[in-house]
$ cat structure-v3.cif   # mmCIF, C-alpha atoms
data_query
loop_
_atom_site.label_atom_id
_atom_site.label_comp_id
_atom_site.auth_asym_id
_atom_site.auth_seq_id
_atom_site.Cartn_x
_atom_site.Cartn_y
_atom_site.Cartn_z
CA MET X 6 -46.52 21.26 64.13
CA LEU X 7 -45.42 21.30 60.48
CA GLN X 8 -42.20 19.46 59.58
CA GLY X 9 -39.66 20.12 56.84
CA LEU X 10 -39.05 17.85 53.89
CA GLU X 11 -35.97 16.36 55.56
CA SER X 12 -38.37 14.45 57.82
CA VAL X 13 -40.34 12.77 55.00
CA PRO X 14 -39.67 9.00 55.00
CA SER X 15 -37.73 7.72 52.00
CA ALA X 16 -38.65 4.67 49.95
CA PRO X 17 -36.29 1.72 50.51
CA GLY X 18 -33.81 0.59 47.86
CA ARG X 19 -32.15 3.87 46.99
CA LEU X 20 -28.99 3.49 44.85
CA PRO X 21 -26.07 5.95 44.58
CA LEU X 22 -26.54 8.45 41.71
CA LEU X 23 -29.59 6.57 40.34
CA GLY X 24 -31.71 6.96 43.46
CA HIS X 25 -34.93 4.95 43.02
CA ALA X 26 -35.00 5.35 39.23
CA TRP X 27 -33.81 1.79 38.67
CA ASN X 28 -36.62 0.30 40.82
CA LEU X 29 -39.21 2.57 39.26
CA ALA X 30 -38.10 1.74 35.73
CA ARG X 31 -37.69 -2.01 36.36
CA GLN X 32 -40.89 -2.76 38.30
CA PRO X 33 -42.92 0.47 38.26
CA LEU X 34 -46.30 -0.93 39.28
CA ALA X 35 -45.02 -3.00 42.19
CA PHE X 36 -42.78 -0.16 43.33
CA LEU X 37 -45.60 2.39 43.32
CA ARG X 38 -47.93 0.05 45.20
CA SER X 39 -45.28 -0.58 47.86
CA LEU X 40 -45.05 3.09 48.82
CA ARG X 41 -48.27 3.10 50.85
CA GLU X 42 -46.49 0.87 53.38
CA VAL X 43 -43.89 3.60 53.91
CA GLY X 44 -46.29 6.48 54.59
CA ASP X 45 -48.85 8.94 53.25
CA LEU X 46 -46.04 11.09 51.82
CA VAL X 47 -42.91 9.30 50.63
CA ARG X 48 -39.64 10.59 49.17
CA VAL X 49 -38.55 8.94 45.91
CA ASP X 50 -35.30 10.06 44.26
CA LEU X 51 -35.08 10.22 40.46
CA GLY X 52 -31.33 10.31 40.20
CA THR X 53 -30.44 13.12 42.55
CA MET X 54 -33.81 14.87 42.23
CA PRO X 55 -36.32 14.24 45.03
CA MET X 56 -39.96 13.56 44.22
CA TYR X 57 -42.61 13.30 46.94
CA VAL X 58 -45.31 10.70 46.33
CA VAL X 59 -48.70 11.00 48.03
CA THR X 60 -50.30 7.60 48.62
CA SER X 61 -53.68 8.28 50.24
CA ALA X 62 -56.98 9.22 48.61
CA ASP X 63 -57.33 12.30 50.82
CA LEU X 64 -53.91 13.63 49.84
CA VAL X 65 -54.49 12.99 46.12
CA ARG X 66 -57.67 15.06 46.42
CA ASP X 67 -55.73 17.71 48.33
CA VAL X 68 -53.23 18.02 45.46
CA THR X 69 -55.70 17.85 42.57
CA VAL X 70 -58.71 19.71 43.99
CA VAL X 71 -58.35 21.41 47.37
CA GLN X 72 -54.95 23.04 46.74
CA ALA X 73 -54.89 22.67 42.96
CA ARG X 74 -54.15 26.38 42.42
CA SER X 75 -50.84 25.93 44.22
CA PHE X 76 -49.62 23.32 41.72
CA GLU X 77 -48.62 23.21 38.06
CA LYS X 78 -47.77 20.30 35.80
CA GLY X 79 -44.57 18.63 36.95
CA ARG X 80 -41.52 16.79 35.68
CA LEU X 81 -43.41 13.94 33.95
CA TYR X 82 -45.01 16.44 31.59
CA ASP X 83 -41.69 18.19 30.97
CA ARG X 84 -40.31 14.81 29.88
CA VAL X 85 -43.11 14.04 27.40
CA ARG X 86 -43.21 17.55 25.97
CA PRO X 87 -41.10 16.43 22.98
CA LEU X 88 -44.18 14.39 22.02
CA VAL X 89 -47.17 16.55 22.90
CA GLY X 90 -45.59 20.00 22.96
CA ASN X 91 -47.63 22.51 24.95
CA GLY X 92 -51.04 20.90 24.55
CA LEU X 93 -53.70 20.40 27.23
CA ALA X 94 -51.72 17.57 28.84
CA THR X 95 -48.69 19.76 29.54
CA ALA X 96 -49.82 23.39 29.42
CA GLY X 97 -50.53 25.33 32.55
CA GLY X 98 -52.13 28.54 33.72
CA GLU X 99 -53.80 30.81 31.20
CA VAL X 100 -52.68 28.72 28.19
CA HIS X 101 -54.43 25.66 29.60
CA ARG X 102 -57.61 27.59 30.41
CA ARG X 103 -57.69 29.24 26.97
CA HIS X 104 -57.13 26.04 25.02
CA ARG X 105 -59.59 24.04 27.10
CA ARG X 106 -62.23 26.70 26.50
CA LEU X 107 -61.67 26.49 22.74
CA ILE X 108 -61.66 22.68 22.57
CA GLN X 109 -64.48 21.98 25.05
CA PRO X 110 -67.28 22.40 22.45
CA MET X 111 -65.90 19.41 20.51
CA PHE X 112 -66.78 17.22 23.49
CA HIS X 113 -70.23 18.66 24.15
CA GLN X 114 -72.96 16.05 24.64
CA ALA X 115 -74.60 16.96 21.33
CA ARG X 116 -71.30 16.41 19.50
CA ILE X 117 -70.72 13.08 21.21
CA ALA X 118 -74.13 11.92 19.98
CA GLY X 119 -72.83 12.44 16.44
CA TYR X 120 -69.55 10.73 17.22
CA ALA X 121 -71.51 7.73 18.54
CA GLU X 122 -72.74 7.04 15.02
CA THR X 123 -69.12 6.83 13.84
CA MET X 124 -68.22 4.60 16.80
CA SER X 125 -71.09 2.23 16.08
CA SER X 126 -70.45 2.14 12.34
CA ARG X 127 -66.73 1.46 12.76
CA ALA X 128 -67.37 -1.26 15.36
CA ARG X 129 -69.93 -2.98 13.11
CA GLY X 130 -67.50 -2.89 10.21
CA LEU X 131 -64.89 -4.55 12.40
CA VAL X 132 -67.10 -7.42 13.62
CA ASP X 133 -68.40 -7.98 10.08
CA SER X 134 -64.81 -8.52 8.92
CA TRP X 135 -64.10 -11.35 11.38
CA THR X 136 -64.37 -15.07 10.64
CA PRO X 137 -65.06 -18.01 13.01
CA GLY X 138 -61.90 -19.45 14.52
CA GLN X 139 -59.81 -16.41 13.60
CA VAL X 140 -57.15 -15.40 16.15
CA ILE X 141 -56.71 -11.66 16.71
CA ALA X 142 -54.38 -9.56 18.84
CA VAL X 143 -57.12 -7.74 20.75
CA ASP X 144 -54.79 -5.04 22.07
CA GLN X 145 -53.63 -4.18 18.54
CA VAL X 146 -57.08 -4.41 16.96
CA MET X 147 -58.64 -2.17 19.61
CA GLY X 148 -55.78 0.31 19.22
CA GLU X 149 -56.35 0.54 15.48
CA LEU X 150 -60.11 0.90 15.98
CA ALA X 151 -59.58 3.71 18.48
CA ILE X 152 -57.22 5.48 16.07
CA GLU X 153 -59.72 5.17 13.21
CA ILE X 154 -62.61 6.50 15.30
CA LEU X 155 -60.56 9.42 16.60
CA SER X 156 -59.21 10.29 13.17
CA GLU X 157 -62.67 10.30 11.60
CA THR X 158 -63.91 12.76 14.22
CA MET X 159 -60.73 14.87 14.21
CA PHE X 160 -59.91 15.03 10.50
CA SER X 161 -61.70 14.60 7.23
CA THR X 162 -61.16 11.09 5.89
CA ASP X 163 -58.92 12.08 2.99
CA ILE X 164 -56.41 14.19 4.89
CA GLY X 165 -56.50 12.05 8.02
CA GLU X 166 -54.91 8.91 6.55
CA PRO X 167 -51.27 10.01 7.09
CA ALA X 168 -52.08 10.87 10.70
CA VAL X 169 -53.68 7.47 11.27
CA GLU X 170 -50.65 5.70 9.86
CA ALA X 171 -48.26 7.83 11.92
CA VAL X 172 -50.07 7.00 15.18
CA ARG X 173 -50.30 3.32 14.26
CA ARG X 174 -46.57 3.20 13.57
CA ASN X 175 -45.22 5.39 16.36
CA LEU X 176 -47.55 5.05 19.34
CA PRO X 177 -46.35 1.55 20.44
CA VAL X 178 -42.76 2.82 20.44
CA ILE X 179 -43.70 5.86 22.52
CA LEU X 180 -45.67 3.82 25.07
CA LYS X 181 -42.85 1.30 25.48
CA ASN X 182 -40.29 3.98 26.36
CA MET X 183 -42.33 6.74 28.01
CA LEU X 184 -42.16 5.77 31.69
CA VAL X 185 -38.48 4.83 31.45
CA ARG X 186 -37.80 8.29 30.05
CA ALA X 187 -39.83 9.98 32.76
CA ALA X 188 -38.07 8.10 35.56
CA SER X 189 -34.54 8.48 34.19
CA PRO X 190 -32.20 11.16 35.56
CA LYS X 191 -32.25 14.14 33.20
CA ILE X 192 -28.51 13.87 32.63
CA LEU X 193 -29.19 10.74 30.56
CA ASP X 194 -31.52 12.54 28.13
CA HIS X 195 -28.95 13.19 25.45
CA LEU X 196 -27.17 9.86 25.60
CA PRO X 197 -27.76 7.94 22.35
CA VAL X 198 -29.23 4.89 24.13
CA PRO X 199 -31.95 2.93 22.29
CA PRO X 200 -34.93 4.09 24.46
CA ASN X 201 -34.04 7.76 23.91
CA ARG X 202 -33.47 7.35 20.17
CA ALA X 203 -36.68 5.38 19.72
CA PHE X 204 -38.82 7.83 21.73
CA ASP X 205 -37.40 10.92 20.03
CA ALA X 206 -37.77 9.47 16.52
CA ALA X 207 -41.36 8.31 17.13
CA ALA X 208 -42.37 11.64 18.71
CA ALA X 209 -40.81 13.59 15.83
CA GLY X 210 -42.59 11.37 13.30
CA MET X 211 -46.01 11.97 14.84
CA ARG X 212 -45.49 15.71 15.13
CA GLN X 213 -44.23 16.04 11.55
CA VAL X 214 -47.19 14.28 9.96
CA ILE X 215 -49.66 16.45 11.91
CA ASP X 216 -47.75 19.55 10.79
CA ASP X 217 -48.14 18.35 7.20
CA VAL X 218 -51.89 17.78 7.63
CA ILE X 219 -52.39 21.28 9.09
CA ALA X 220 -50.33 22.92 6.36
CA GLY X 221 -52.18 20.96 3.67
CA THR X 222 -55.56 22.01 5.05
CA ARG X 223 -54.54 25.66 5.15
CA ARG X 224 -53.26 25.52 1.55
CA SER X 225 -56.43 23.86 0.29
CA GLY X 226 -58.66 26.42 1.98
CA ARG X 227 -61.17 23.62 2.51
CA ALA X 228 -62.25 23.34 6.12
CA HIS X 229 -64.42 20.32 6.86
CA GLU X 230 -67.29 21.36 9.06
CA GLY X 231 -67.45 19.50 12.34
CA ASP X 232 -64.01 17.94 12.59
CA LEU X 233 -61.63 19.03 15.34
CA LEU X 234 -58.92 20.30 13.00
CA SER X 235 -61.37 22.71 11.36
CA VAL X 236 -62.70 23.87 14.71
CA LEU X 237 -59.17 24.63 15.91
CA LEU X 238 -58.24 26.41 12.68
CA GLU X 239 -61.30 28.63 12.91
CA ALA X 240 -61.39 29.12 16.70
CA ARG X 241 -60.99 32.61 18.10
CA ASP X 242 -60.50 33.50 21.74
CA ALA X 243 -63.66 35.16 23.07
CA ASP X 244 -61.69 37.80 24.98
CA THR X 245 -58.85 38.66 22.60
CA GLY X 246 -60.05 37.43 19.19
CA GLU X 247 -56.71 35.64 18.73
CA ALA X 248 -56.46 32.45 16.70
CA LEU X 249 -54.35 29.43 17.63
CA THR X 250 -50.99 29.12 15.91
CA ASP X 251 -50.26 26.07 13.77
CA GLU X 252 -47.89 24.86 16.49
CA GLU X 253 -50.61 25.16 19.14
CA ILE X 254 -53.06 23.28 16.92
CA ARG X 255 -50.48 20.55 16.28
CA ASP X 256 -49.82 20.11 20.01
CA GLU X 257 -53.52 19.73 20.80
CA LEU X 258 -54.12 17.22 18.00
CA VAL X 259 -51.14 15.07 19.02
CA THR X 260 -52.24 15.22 22.67
CA ILE X 261 -55.74 14.00 21.87
CA LEU X 262 -54.52 11.30 19.48
CA PHE X 263 -52.07 10.04 22.10
CA ALA X 264 -54.38 10.18 25.11
CA GLY X 265 -57.51 8.99 23.33
CA THR X 266 -55.89 5.99 21.71
CA GLU X 267 -54.07 4.36 24.62
CA THR X 268 -56.80 4.83 27.22
CA THR X 269 -59.55 3.35 25.08
CA ALA X 270 -57.49 0.54 23.53
CA SER X 271 -56.08 -0.57 26.88
CA THR X 272 -59.48 -0.45 28.59
CA LEU X 273 -61.17 -2.47 25.85
CA ALA X 274 -58.40 -5.07 25.65
CA TRP X 275 -58.51 -5.65 29.41
CA ALA X 276 -62.33 -5.73 29.34
CA PHE X 277 -62.45 -8.54 26.77
CA HIS X 278 -59.79 -10.45 28.71
CA GLU X 279 -61.57 -10.08 32.06
CA ILE X 280 -65.01 -10.89 30.64
CA ALA X 281 -63.69 -14.08 29.03
CA GLY X 282 -62.26 -15.18 32.37
CA HIS X 283 -65.52 -14.61 34.27
CA PRO X 284 -68.37 -16.57 32.62
CA GLU X 285 -71.06 -15.27 34.98
CA VAL X 286 -70.14 -11.67 34.22
CA GLU X 287 -70.17 -12.43 30.50
CA LYS X 288 -73.58 -14.09 30.77
CA GLN X 289 -75.07 -11.08 32.56
CA VAL X 290 -73.54 -8.55 30.18
CA VAL X 291 -74.67 -10.40 27.04
CA ALA X 292 -78.21 -10.78 28.44
CA GLU X 293 -78.30 -7.03 29.07
CA ILE X 294 -77.06 -6.28 25.55
CA ASP X 295 -79.74 -8.54 24.07
CA GLU X 296 -82.45 -6.87 26.16
CA VAL X 297 -81.37 -3.30 25.44
CA LEU X 298 -80.39 -3.61 21.78
CA GLY X 299 -82.63 -6.44 20.60
CA GLY X 300 -80.30 -7.13 17.67
CA ARG X 301 -80.09 -3.53 16.38
CA PRO X 302 -76.95 -1.33 16.32
CA ALA X 303 -75.97 0.48 19.52
CA THR X 304 -76.73 4.21 19.71
CA ILE X 305 -75.95 7.04 22.10
CA GLU X 306 -79.33 6.51 23.79
CA ASP X 307 -78.33 2.96 24.74
CA VAL X 308 -75.16 3.92 26.62
CA PRO X 309 -76.78 4.86 29.98
CA ARG X 310 -78.99 1.76 29.79
CA LEU X 311 -76.03 -0.63 29.51
CA THR X 312 -75.25 -0.48 33.23
CA GLY X 313 -73.56 -3.88 33.32
CA ILE X 314 -71.02 -2.73 30.76
CA ARG X 315 -70.44 0.44 32.76
CA ARG X 316 -69.64 -1.65 35.85
CA VAL X 317 -67.19 -3.75 33.83
CA LEU X 318 -65.48 -0.61 32.51
CA ASP X 319 -65.30 0.97 35.98
CA GLU X 320 -63.66 -2.17 37.32
CA VAL X 321 -61.19 -2.43 34.44
CA ILE X 322 -60.18 1.23 34.88
CA ARG X 323 -59.80 0.64 38.63
CA LEU X 324 -57.53 -2.36 38.12
CA HIS X 325 -55.46 -1.07 35.20
CA GLY X 326 -55.51 2.69 35.50
CA VAL X 327 -53.13 5.63 35.15
CA THR X 328 -49.63 4.73 36.33
CA LEU X 329 -48.14 8.04 37.45
CA LEU X 330 -49.10 11.72 37.46
CA MET X 331 -46.99 14.62 38.65
CA ARG X 332 -47.44 18.16 39.89
CA ARG X 333 -45.02 20.90 40.96
CA THR X 334 -45.71 23.39 43.73
CA THR X 335 -45.81 27.03 42.62
CA GLU X 336 -45.80 28.34 46.19
CA GLU X 337 -45.33 27.00 49.69
CA VAL X 338 -47.81 24.18 50.37
CA HIS X 339 -48.73 22.32 53.56
CA LEU X 340 -49.34 18.64 52.93
CA ALA X 341 -49.62 15.67 55.33
CA GLY X 342 -48.08 17.71 58.14
CA PHE X 343 -45.09 18.80 56.06
CA THR X 344 -44.15 22.13 54.46
CA LEU X 345 -43.33 21.87 50.75
CA PRO X 346 -41.53 24.90 49.30
CA ALA X 347 -42.22 26.21 45.80
CA GLY X 348 -40.69 24.03 43.11
CA THR X 349 -41.25 20.72 44.93
CA GLU X 350 -42.11 17.78 42.67
CA VAL X 351 -45.17 15.86 43.90
CA ALA X 352 -46.48 12.63 42.34
CA PHE X 353 -49.35 10.18 42.77
CA SER X 354 -50.39 6.89 41.18
CA LEU X 355 -54.06 6.29 40.44
CA TYR X 356 -53.13 2.65 39.72
CA ALA X 357 -51.78 2.23 43.26
CA LEU X 358 -54.62 4.23 44.81
CA HIS X 359 -57.25 2.05 43.13
CA ARG X 360 -55.63 -1.12 44.51
CA ASP X 361 -55.30 0.13 48.07
CA PRO X 362 -56.71 -2.59 50.42
CA ALA X 363 -57.73 0.14 52.86
CA LEU X 364 -60.19 1.38 50.22
CA TYR X 365 -61.19 -1.78 48.36
CA ALA X 366 -61.97 -5.26 49.66
CA ASP X 367 -59.90 -7.88 47.81
CA PRO X 368 -58.43 -5.11 45.66
CA ASP X 369 -56.72 -7.32 43.04
CA ARG X 370 -59.90 -9.23 42.18
CA PHE X 371 -62.01 -8.34 39.12
CA ASP X 372 -65.44 -7.73 40.65
CA PRO X 373 -67.78 -5.49 38.63
CA ASP X 374 -70.49 -5.92 41.25
CA ARG X 375 -68.52 -3.74 43.63
CA TRP X 376 -70.01 -0.90 41.53
CA LEU X 377 -73.63 -1.89 42.18
CA PRO X 378 -75.38 1.04 43.91
CA GLU X 379 -75.73 -0.76 47.23
CA ARG X 380 -71.98 -1.52 47.34
CA ARG X 381 -70.61 1.58 45.63
CA LYS X 382 -71.88 3.78 48.46
CA ASP X 383 -69.24 2.18 50.70
CA ILE X 384 -66.40 3.39 48.42
CA PRO X 385 -65.33 6.95 49.27
CA ARG X 386 -65.82 9.36 46.39
CA GLU X 387 -62.17 10.39 46.44
CA ALA X 388 -61.07 6.73 46.23
CA PHE X 389 -62.03 6.36 42.56
CA VAL X 390 -60.49 8.85 40.15
CA PRO X 391 -60.67 7.20 36.70
CA PHE X 392 -59.98 10.30 34.61
CA GLY X 393 -58.30 12.62 37.05
CA SER X 394 -60.05 15.35 39.00
CA GLY X 395 -60.34 19.07 39.43
CA ASN X 396 -59.42 21.41 36.58
CA ARG X 397 -57.18 18.69 35.11
CA ARG X 398 -59.96 16.14 34.66
CA CYS X 399 -59.70 14.55 31.22
CA ILE X 400 -61.63 16.62 28.67
CA GLY X 401 -62.55 13.50 26.69
CA ASP X 402 -63.93 11.29 29.46
CA ALA X 403 -67.50 11.19 28.09
CA PHE X 404 -66.14 10.44 24.61
CA ALA X 405 -64.08 7.53 25.99
CA TRP X 406 -66.93 6.01 28.02
CA THR X 407 -69.30 6.25 25.05
CA GLU X 408 -66.81 4.66 22.68
CA ALA X 409 -65.88 1.79 25.00
CA THR X 410 -69.54 1.02 25.77
CA ILE X 411 -70.62 0.97 22.13
CA VAL X 412 -67.64 -1.15 21.05
CA LEU X 413 -68.15 -3.72 23.81
CA ALA X 414 -71.88 -3.99 23.10
CA THR X 415 -71.33 -4.34 19.35
CA VAL X 416 -68.63 -7.02 19.66
CA LEU X 417 -70.22 -9.08 22.45
CA ALA X 418 -73.59 -9.20 20.68
CA ARG X 419 -71.95 -11.13 17.83
CA TRP X 420 -68.81 -12.84 19.10
CA GLN X 421 -67.29 -14.74 22.00
CA LEU X 422 -63.61 -13.95 22.49
CA ARG X 423 -61.61 -16.75 24.08
CA PRO X 424 -58.02 -16.48 25.40
CA LEU X 425 -55.23 -18.62 24.03
CA PRO X 426 -53.73 -20.89 26.72
CA GLU X 427 -50.13 -20.18 25.73
CA HIS X 428 -50.22 -16.54 26.83
CA VAL X 429 -51.59 -14.82 29.93
CA PRO X 430 -51.64 -11.01 29.48
CA GLN X 431 -49.26 -9.13 31.75
CA GLU X 432 -49.40 -5.49 32.80
CA ALA X 433 -46.90 -3.22 31.04
CA ALA X 434 -46.59 0.25 32.49
CA SER X 435 -46.69 3.40 30.40
CA ALA X 436 -49.32 6.11 30.76
CA MET X 437 -51.64 3.29 31.89
CA ALA X 438 -51.09 -0.29 33.00
CA HIS X 439 -51.85 -1.62 29.53
CA PRO X 440 -51.65 -5.33 28.56
CA ASP X 441 -48.50 -6.56 26.87
CA HIS X 442 -50.41 -8.78 24.42
CA VAL X 443 -53.96 -10.15 24.31
CA PRO X 444 -54.32 -12.90 21.67
CA MET X 445 -57.88 -14.29 21.53
CA GLN X 446 -59.84 -16.60 19.27
CA LEU X 447 -63.21 -15.62 17.79
CA HIS X 448 -66.31 -17.77 18.09
CA PRO X 449 -69.74 -16.73 16.77
CA ARG X 450 -72.18 -16.18 19.58
CA THR X 451 -74.99 -18.71 19.38
CA PRO X 452 -78.21 -19.19 21.37
CA THR X 453 -76.36 -21.84 23.40
CA SER X 454 -73.48 -19.51 24.21
CA ARG X 455 -75.92 -16.85 25.46
CA SER X 456 -77.53 -19.12 28.04
#
$ encode --input "structure-v3.cif" --output "structure tokens"
Amino acid sequence: MLQGLESVPSAPGRLPLLGHAWNLARQPLAFLRSLREVGDLVRVDLGTMPMYVVTSADLVRDVTVVQARSFEKGRLYDRVRPLVGNGLATAGGEVHRRHRRLIQPMFHQARIAGYAETMSSRARGLVDSWTPGQVIAVDQVMGELAIEILSETMFSTDIGEPAVEAVRRNLPVILKNMLVRAASPKILDHLPVPPNRAFDAAAAGMRQVIDDVIAGTRRSGRAHEGDLLSVLLEARDADTGEALTDEEIRDELVTILFAGTETTASTLAWAFHEIAGHPEVEKQVVAEIDEVLGGRPATIEDVPRLTGIRRVLDEVIRLHGVTLLMRRTTEEVHLAGFTLPAGTEVAFSLYALHRDPALYADPDRFDPDRWLPERRKDIPREAFVPFGSGNRRCIGDAFAWTEATIVLATVLARWQLRPLPEHVPQEAASAMAHPDHVPMQLHPRTPTSRS
């Protein structure tokens, strides 16, 4: 028998007026992981607004695949719309389908093969610039590399510089304040508190510089064949013949810059940290790189052959994945034995799902070998959702995997990265559980260090 929402168990620690927002903002990762102990469907109050969090792999699949047509993007996306407008991350219905259809060709396999040359070239330029004993902030360096690679594939080099600088300047501010903004009661939006001011100013700065780039390209009349901006400017809907407006183009460019930078930078920073802390993993990965590449630059053809790197990346994404995603019911939905009316906010955490001890043995341990074929078959398919699922699966997943693989192979072939004892990276929650800071020292890789 189906039950009403009044019967859904509530998370402990609710405060008057604030609900669970304080706990979610203060310790988001621990709070989200704790919900599985309460039930498969748990009520969490953001101020006075209820949100219902699904905590099991089956229910996440139910929301994102089985009953996906009964959901739209939820509150989280409403709250970040000042940044990304109505791009793929936030748009719904026909707008989402239309824009995805227009952008999809930019992420076709043949295009990614061309992007791989840029990825390899940029990564080689980076490792060539390093010196023995140099200390680098890996999280920052990988973020800048990701921005440069994205900008070179999205814009021509000359017009893309302002966009690169805008992302470099504003993205850290946005990441720092995003989850706090999403979890805060809406009544606090217009209060001039520092997180609100910082987020709004950074979002406005990114959007303005992209507007300027689009306007400048239109005025020049010089489209640059192959880059994403030119594709969007020239795209026409196959059914209606309509072009995208400048505002629509801006929203898609900001969305891709935002999503493509944090995911890749965070994954790479954690990968270098985890590899340095597991000498046997590093030894195996470097041996594979030597065997596959033989001292030459990495190419698109090498990516599927670097299976050890793929296992490392899968494990990093599992451990440090997407913090929180939200949907909103568009009609009555039955979920976990409860009836959810239209307009109900539903959330799930891939980070918490991927650390569920019911799904993963020793879930907090970095163990790339859990992705060996003979062990992976024991992990349910719905238990690992690195880039989302269903019609909301990340459009750039192949781009991200290719980039991370090529960068790791290029760096590890030349350098050992060693952590500094005075700082152990900690998880900081935003869109992903990214590291707060990853300082590491560079050592040239020698024949001795490979053995």
$ closest_residue --input "structure-v3.cif" --among "X:Gly282, X:Pro449, X:Gly342, X:Gly52" --to "Ala30 of chain X" --atoms "all atoms listed in the file"
X:Gly52
$ resolve_selection --input "structure-v3.cif" --expression "the PyMOL selection byres ((chain X and resi 359) around 10)" --output "MDAnalysis selection string"
chainID X and resid 38 62 320 322:327 354:358 360:365 368:369 388:391
$ resolve_selection --input "structure-v3.cif" --expression "the PyMOL selection byres ((chain X and resi 426-436) around 7)" --output "PyMOL selection string"
chain X and resi 33-34+180-181+183-184+327-328+424-425+437-443
$ closest_residue --input "structure-v3.cif" --among "X:Thr269, X:Thr312, X:Thr349, X:Gln213" --to "Ala409 of chain X" --atoms "all atoms listed in the file"
X:Thr269
$ atom_distance --input "structure-v3.cif" --atom1 "atom CA of Ala276 of chain X" --atom2 "atom CA of Leu413 of chain X"
8.3 Å
$ residues_around --input "structure-v3.cif" --residues "Arg173 of chain X" --least-positions-apart "5" --cutoff "10 Å" --atoms "all atoms listed in the file" --output "PyMOL selection string"
chain X and resi 145+148-149+152-153+167-168+178+211+266
$ atom_distance --input "structure-v3.cif" --atom1 "atom CA of Gly348 of chain X" --atom2 "atom CA of Met331 of chain X"
12.2 Å
$ resolve_selection --input "structure-v3.cif" --expression "the PyMOL selection byres ((chain X and resi 116-129) around 7)" --output "list in words"
Met111, Phe112, His113, Gln114, Ala115, Gly130, Leu131, Val132, Asp133, Ile154, Thr158, Pro302, Ala303, Thr304, Ile305, Phe404, Glu408, Ile411, Val412 and Thr415 of chain X
$ residues_around --input "structure-v3.cif" --residues "Gln446 of chain X" --least-positions-apart "4" --cutoff "10 Å" --atoms "all atoms listed in the file" --output "PDB file with C-alpha atoms, keeping the file's coordinate frame"
ATOM      1  CA  THR X 136     -64.370 -15.070  10.640  1.00  0.00           C
ATOM      2  CA  PRO X 137     -65.060 -18.010  13.010  1.00  0.00           C
ATOM      3  CA  GLY X 138     -61.900 -19.450  14.520  1.00  0.00           C
ATOM      4  CA  GLN X 139     -59.810 -16.410  13.600  1.00  0.00           C
ATOM      5  CA  VAL X 140     -57.150 -15.400  16.150  1.00  0.00           C
ATOM      6  CA  ILE X 141     -56.710 -11.660  16.710  1.00  0.00           C
ATOM      7  CA  ALA X 142     -54.380  -9.560  18.840  1.00  0.00           C
ATOM      8  CA  VAL X 143     -57.120  -7.740  20.750  1.00  0.00           C
ATOM      9  CA  TRP X 420     -68.810 -12.840  19.100  1.00  0.00           C
ATOM     10  CA  GLN X 421     -67.290 -14.740  22.000  1.00  0.00           C
ATOM     11  CA  LEU X 422     -63.610 -13.950  22.490  1.00  0.00           C
ATOM     12  CA  ARG X 423     -61.610 -16.750  24.080  1.00  0.00           C
ATOM     13  CA  PRO X 424     -58.020 -16.480  25.400  1.00  0.00           C
ATOM     14  CA  LEU X 425     -55.230 -18.620  24.030  1.00  0.00           C
TER      15      LEU X 425
END
$ atom_distance --input "structure-v3.cif" --atom1 "atom CA of Ala243 of chain X" --atom2 "atom CA of Glu77 of chain X"
24.4 Å
$ residues_around --input "structure-v3.cif" --residues "segment 9-15 of chain X" --least-positions-apart "2" --cutoff "7 Å" --atoms "only C-alpha atoms" --output "list in words"
Leu7, Pro17, Val43, Leu46, Val47, Arg48, Val49, Phe343, Thr344 and Leu345 of chain X
$ closest_residue --input "structure-v3.cif" --among "X:Leu20, X:Val317, X:Met445, X:Leu233" --to "Asp372 of chain X" --atoms "all atoms listed in the file"
X:Val317
$ closest_residue --input "structure-v3.cif" --among "X:Thr250, X:Asn28, X:Thr245, X:Ser75" --to "Thr334 of chain X" --atoms "all atoms listed in the file"
X:Ser75
$ residues_around --input "structure-v3.cif" --residues "Trp376 of chain X" --least-positions-apart "5" --cutoff "8 Å" --atoms "all atoms listed in the file" --output "PyMOL selection string"
chain X and resi 316+319-320+381
$ axis_aligned_box --input "structure-v3.cif" --around "segment 413-417 of chain X" --padding-each-side "5 Å" --output "JSON"
{"center_x": -70.0, "center_y": -6.4, "center_z": 21.6, "size_x": 13.7, "size_y": 15.4, "size_z": 14.5}
$ closest_residue --input "structure-v3.cif" --among "X:Ala264, X:Val68, X:Leu417, X:Leu29" --to "Thr451 of chain X" --atoms "all atoms listed in the file"
X:Leu417
$ residues_around --input "structure-v3.cif" --residues "segment 204-207 of chain X" --least-positions-apart "2" --cutoff "6 Å" --atoms "only C-alpha atoms" --output "list in words"
Asn175, Ile179, Asn201, Arg202, Ala209 and Gly210 of chain X
$ closest_residue --input "structure-v3.cif" --among "X:Glu247, X:Ala270, X:Arg450, X:Ala347" --to "Met147 of chain X" --atoms "all atoms listed in the file"
X:Ala270
